[in-house]
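> Here it is, the structure in full.
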Amino acid sequence: MKKHLNASYALYLSLYWVSACFIYGYTRLFLSELGFSADQVGLLLAFDCAGAMVLQPLLARIIEGPGRITMRHVLLGMSLVALFAGGLLLIPQPRAVLLCLFGAMGLMTMGIQPFVNAVGFGYMNRGARLNWSVTRGVASLAFALFSKVYAALAERDLNWLLGLYLLSTAGILVCSLLLAEREAPADGPRPQVRHGSLLRRYPAFFGMLLGTALLFFQHNFLDAYLYDVVVAVGGGTGELGTALLIGALVETPMMLLFTRVADRCGARRLLMVSAVGMALKPWLILLAGSVWGVYVMRFSHFVSFAPFLLALTYYANERMAEDEKVTGQALITGAISLSGVFSYLFGGMLVSGWGALRALLICTLIGMAGGALFLLFAVRDQKQKQ
């Protein structure tokens with residue numbers, strides 16, 4: 001696969017985002033059909049996010065340390081756990097066991113993301129000709145197409161959704177075997193993890209991560225409870241699939257063109273503008289109050305979510321020292337997971353108690369505070385780099 005690195009890595013990312021589409025987009029629908037309420041789903045997703053937030057930096061530091069555990073070991077182990085838990089869900093289970101298995105499956109899928117990203121950045125940092133933004137754009141296209149496939153399967157049989165998730169996760173396992181490094185680079189042992197606080201070395205960057213966590217509070221809410229929002233404005237399962245399709249489709253051209261746009265506009269400026277877009281995009285739903293507002297909000301991902309996530313991922317790879325780059329990716333995903341803990345937990349309670357649109361308004365105000373905080377610390381971090 002390494003002979004055709006861009007195509008191979010695009011397949012790898014695509015398989016990950018097809019599996020993630022089920023966890024992020026259809027958990028609410030899947031579990032609600034099995035009799036679980038919005039706040040129960042929120043508790044489960046909050047647990048998964050909290051677990052991923054702890055697991056990702058821990059595994060990243062182990063990978064970057066002097067021990068024998070490599071990226072390949074981590075990727076294979078997490079994929080196998082997800083496959084095992086998901087496979088058991090195909091068999092009728094008591095409610096408590098079902099929740100535990102689904103929780104383990106979701107935790108592995110959320111937790112593996114920075115390591116899949118780090119595989120690609122590892123090739124780039126070693127001088128390989130890998131266009132990460134293009135491969136990520138292809139993955140967004142796959143997410144778009146399979147969001148509609150999931151929606152169609154949901155109207156037939158819930159187990160078909162789970163089957164598609166298991167197939168994509170098995171693909172992740174195979175790609176991890178072929179693409180992830182088996183051992184430390186041949187030009188020497190992996191560097192020792194430097195002592196001292198990362199917070200002391202990158203104080204403003206950690207402030208940016210806090211702003212990111214608040215920004216993603218509303219974004220994660222919309223991911224987990226988009227079905228409830230769509231229903232609240234008069235839609236249903238078909239409209240949910242269309243909304244997911246729109247968002248992923250408009251992300252694709254931005255990711256394909258990211259390098260050119262960043263070169264022309266400046267990566268830092270793009271990061272700042274997209275942060276504003278992230279903070280304001282839910283108002284498109286709140287002001288319109290219709291399914292069309294949901295569709296327009298998803299269209300706005302072209303200037304909000306897509307460039308923000310891509311620019312922030314690149315920023316961490318450039319900002320962190322060589323022996324901390326995997327940790328940098330894990331910190332970003334950890335910040336997003338931290339926001340997910342609270343947005344899933346309190347989002348479910350808000351939806352159950354106040355309704356989807358009032359819950360969205362509260363999450364939007366929190367996201368706007370996060371956007372302001374992010375911009376403040378981004379300016380400070382730029383001064384520290386200078």
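FYI, nothing fancy with the structure tokens labels: chains A, B, ... in order, residues from 1 per chain, ligands from 1 as they appear.
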For Ser19 in chain A, please output as a list in words all residues within 7 Å (counting only C-alpha atoms; exclusion window: fewer than 4 positions along the same chain).
Leu15, Ile23, Tyr165, Ser168 and Thr169 of chain A
> Name all residues at most 10 Å from Phe143 in chain A (count only C-alpha atoms; drop same-chain ones fewer than 2 positions away) and give them as a PyMOL selection string.
chain A and resi 13-22+137-141+145-149+244-245+247-249+252
> For the residues in the current selection, export N, CA and C atoms as a CSV table (one decimal), in the first residue's frame.

chain,number,residue,atom,x,y,z
A,13,LEU,N,-8.2,6.8,6.1
A,13,LEU,CA,-9.0,7.9,6.7
A,13,LEU,C,-10.5,7.7,6.4
A,14,SER,N,-10.8,7.3,5.2
A,14,SER,CA,-12.2,7.1,4.8
A,14,SER,C,-12.9,6.0,5.6
A,15,LEU,N,-12.2,4.9,5.8
A,15,LEU,CA,-12.7,3.8,6.6
A,15,LEU,C,-12.9,4.3,8.1
A,16,TYR,N,-12.0,5.1,8.6
A,16,TYR,CA,-12.2,5.6,9.9
A,16,TYR,C,-13.5,6.5,10.0
A,17,TRP,N,-13.7,7.4,9.1
A,17,TRP,CA,-14.8,8.3,9.1
A,17,TRP,C,-16.1,7.6,8.8
A,18,VAL,N,-16.1,6.5,8.1
A,18,VAL,CA,-17.3,5.8,7.9
A,18,VAL,C,-17.7,5.1,9.2
A,19,SER,N,-16.8,4.6,9.9
A,19,SER,CA,-17.1,4.0,11.3
A,19,SER,C,-17.5,5.1,12.2
A,20,ALA,N,-16.8,6.3,12.2
A,20,ALA,CA,-17.2,7.4,13.1
A,20,ALA,C,-18.5,8.0,12.8
A,21,CYS,N,-19.0,7.9,11.5
A,21,CYS,CA,-20.3,8.4,11.1
A,21,CYS,C,-21.4,7.7,11.9
A,22,PHE,N,-21.2,6.4,12.1
A,22,PHE,CA,-22.2,5.7,12.9
A,22,PHE,C,-22.2,6.1,14.4
A,137,GLY,N,-9.9,15.2,2.7
A,137,GLY,CA,-11.1,15.6,1.9
A,137,GLY,C,-11.8,14.4,1.3
A,138,VAL,N,-11.0,13.4,0.8
A,138,VAL,CA,-11.6,12.2,0.3
A,138,VAL,C,-12.4,11.5,1.4
A,139,ALA,N,-11.8,11.5,2.7
A,139,ALA,CA,-12.5,10.9,3.8
A,139,ALA,C,-13.9,11.6,4.1
A,140,SER,N,-13.9,12.9,4.0
A,140,SER,CA,-15.1,13.7,4.2
A,140,SER,C,-16.2,13.3,3.1
A,141,LEU,N,-15.7,13.0,1.9
A,141,LEU,CA,-16.6,12.6,0.8
A,141,LEU,C,-17.2,11.2,1.2
A,145,LEU,N,-21.2,10.3,1.7
A,145,LEU,CA,-21.9,9.2,0.9
A,145,LEU,C,-22.5,8.2,1.9
A,146,PHE,N,-21.7,7.8,2.9
A,146,PHE,CA,-22.2,6.8,3.8
A,146,PHE,C,-23.2,7.3,4.9
A,147,SER,N,-23.2,8.6,5.1
A,147,SER,CA,-24.3,9.1,6.0
A,147,SER,C,-25.7,8.8,5.4
A,148,LYS,N,-25.8,8.9,4.1
A,148,LYS,CA,-27.0,8.5,3.4
A,148,LYS,C,-27.3,7.0,3.4
A,149,VAL,N,-26.2,6.3,3.3
A,149,VAL,CA,-26.3,4.8,3.3
A,149,VAL,C,-26.8,4.4,4.7
A,244,LEU,N,-26.6,15.4,7.1
A,244,LEU,CA,-25.2,14.9,7.3
A,244,LEU,C,-24.5,14.8,6.0
A,245,LEU,N,-25.2,14.5,4.9
A,245,LEU,CA,-24.7,14.4,3.6
A,245,LEU,C,-24.2,15.8,3.1
A,247,GLY,N,-23.3,18.5,5.0
A,247,GLY,CA,-22.1,18.9,5.7
A,247,GLY,C,-20.9,18.3,5.2
A,248,ALA,N,-20.9,17.0,5.0
A,248,ALA,CA,-19.7,16.3,4.6
A,248,ALA,C,-19.3,16.6,3.2
A,249,LEU,N,-20.3,16.9,2.3
A,249,LEU,CA,-20.0,17.2,0.9
A,249,LEU,C,-19.3,18.6,0.8
A,252,THR,N,-15.6,18.6,1.8
A,252,THR,CA,-14.7,18.0,0.9
A,252,THR,C,-13.9,19.0,0.1
> Closest to Ser290 in chain A among A:Val74, A:Val81, A:Val229, A:Leu365, using only C-alpha atoms?
A:Val229
> Can you work out which one of A:Tyr225, A:Ala180, A:Leu215, A:Ala10 has the shortest atom-to-atom distance to Leu345 in chain A, counting only C-alpha atoms?
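Smallest distance to Leu345 in chain A is found for A:Tyr225.
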> In Å to one decimal, how far is CA of Leu153 in chain A from CA of Thr237 in chain A?
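We find that CA of Thr237 in chain A and CA of Leu153 in chain A lie 10.8 Å from each other.
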> When you look at Pro282 in chain A with a cut-off of 9 Å (counting only C-alpha atoms), what residues show up, excluding the ones that are within fewer than 3 positions of it in the same chain? I need them as a ChimeraX atom specification.
/A:218-219,222,278-279,285-287,293-294,297,360-361,363-364
> Please save C-alpha atoms of the selected residues as a PDB file, in the first residue's frame.

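Once everything was written out, this is again-v9.pdb:
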ATOM      1  CA  GLN A 218     -22.184  23.236  20.594  1.00  0.00           C
ATOM      2  CA  HIS A 219     -20.667  21.331  17.649  1.00  0.00           C
ATOM      3  CA  LEU A 222     -25.333  19.178  17.096  1.00  0.00           C
ATOM      4  CA  MET A 278     -17.806  27.798  14.262  1.00  0.00           C
ATOM      5  CA  ALA A 279     -19.153  30.048  17.017  1.00  0.00           C
ATOM      6  CA  ILE A 285     -31.000  27.064  12.644  1.00  0.00           C
ATOM      7  CA  LEU A 286     -32.310  29.184  15.496  1.00  0.00           C
ATOM      8  CA  LEU A 287     -33.236  32.131  13.282  1.00  0.00           C
ATOM      9  CA  GLY A 293     -32.018  26.278   8.489  1.00  0.00           C
ATOM     10  CA  VAL A 294     -30.414  22.943   9.363  1.00  0.00           C
ATOM     11  CA  MET A 297     -26.013  25.430   8.849  1.00  0.00           C
ATOM     12  CA  LEU A 360     -29.291  24.438  21.143  1.00  0.00           C
ATOM     13  CA  LEU A 361     -29.568  28.101  22.173  1.00  0.00           C
ATOM     14  CA  CYS A 363     -25.016  25.455  23.665  1.00  0.00           C
ATOM     15  CA  THR A 364     -24.649  28.227  21.088  1.00  0.00           C
TER      16      THR A 364
END
> Neighbours of range 28-30 of chain A within 7 Å (only C-alpha atoms; same-chain residues fewer than 4 positions away dropped), as a ChimeraX atom specification?
/A:34,41,158,224-225
> For range 330-343 of chain A, list every protein, DNA or RNA residue within 6 Å, evaluated using only C-alpha atoms, and leave out those in the same chain fewer than 4 positions away; present the list as number ranges by chain.
A: 46, 49-50, 53, 56-57, 114, 209, 213, 216-217, 220-221, 347
> For each of A:Ala243, A:Ile62, A:Ala96, A:Ala232, take the minimum atom-to-atom distance to Tyr295 in chain A, counting only C-alpha atoms, then give the residue where this is smallest.
A:Ala243
> Counting only C-alpha atoms, figure out which residue out of A:Ser300, A:Leu31, A:Ala288, A:Trp354 gets nearest to Arg95 in chain A.
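Counting only C-alpha atoms, the residue closest to Arg95 in chain A is A:Leu31.
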> Please identify all polymer residues within 8 Å of Ala275 in chain A, counting only C-alpha atoms, omitting same-chain residues fewer than 5 positions from it, and present them as a list in words.
Leu215, Ser304, Phe308, Gly371, Phe374 and Leu375 of chain A
> The selected residues should be written to file as a tab-separated table (two decimals), in the first residue's frame (atoms: C-alpha atoms).

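Generated output (result-v7.tsv):
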chain	number	residue	atom	x	y	z
A	215	LEU	CA	-16.49	25.84	20.64
A	304	SER	CA	-16.36	26.94	9.72
A	308	PHE	CA	-10.97	25.15	11.55
A	371	GLY	CA	-14.77	31.44	20.14
A	374	PHE	CA	-9.86	30.99	21.31
A	375	LEU	CA	-9.19	34.23	19.43
> Extract, using only C-alpha atoms, all DNA, RNA and protein residues at most 10 Å from Met254 in chain A, discarding same-chain residues fewer than 4 positions from it, and format them as a ChimeraX atom specification.
/A:133-134,136-137,249-250,258-261,301-303,306-307,310
> Selection from above, C-alpha atoms, as a PDB file, in the first residue's frame, can you write it?

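Wrote result.pdb, looks like this:
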ATOM      1  CA  SER A 133      -5.596  17.756   3.216  1.00  0.00           C
ATOM      2  CA  VAL A 134      -6.530  15.907   0.014  1.00  0.00           C
ATOM      3  CA  ARG A 136      -8.836  14.125   4.517  1.00  0.00           C
ATOM      4  CA  GLY A 137     -11.100  15.601   1.852  1.00  0.00           C
ATOM      5  CA  LEU A 249     -20.002  17.234   0.917  1.00  0.00           C
ATOM      6  CA  VAL A 250     -19.193  20.899   1.512  1.00  0.00           C
ATOM      7  CA  PHE A 258      -6.931  23.777   1.992  1.00  0.00           C
ATOM      8  CA  THR A 259      -3.233  24.096   1.105  1.00  0.00           C
ATOM      9  CA  ARG A 260      -3.921  26.619  -1.646  1.00  0.00           C
ATOM     10  CA  VAL A 261      -6.405  28.606   0.437  1.00  0.00           C
ATOM     11  CA  HIS A 301     -19.144  23.910   7.367  1.00  0.00           C
ATOM     12  CA  PHE A 302     -17.249  25.063   4.271  1.00  0.00           C
ATOM     13  CA  VAL A 303     -16.129  28.196   6.133  1.00  0.00           C
ATOM     14  CA  ALA A 306     -13.743  22.106   7.855  1.00  0.00           C
ATOM     15  CA  PRO A 307     -11.043  24.822   7.756  1.00  0.00           C
ATOM     16  CA  LEU A 310      -7.783  21.132   9.431  1.00  0.00           C
TER      17      LEU A 310
END
> For Gly353 in chain A, which residue out of A:Glu181, A:Glu239, A:Asp39, A:Glu155 is the nearest one, using only C-alpha atoms?
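Among A:Glu181, A:Glu239, A:Asp39, A:Glu155, it is A:Asp39 that comes nearest to Gly353 in chain A.
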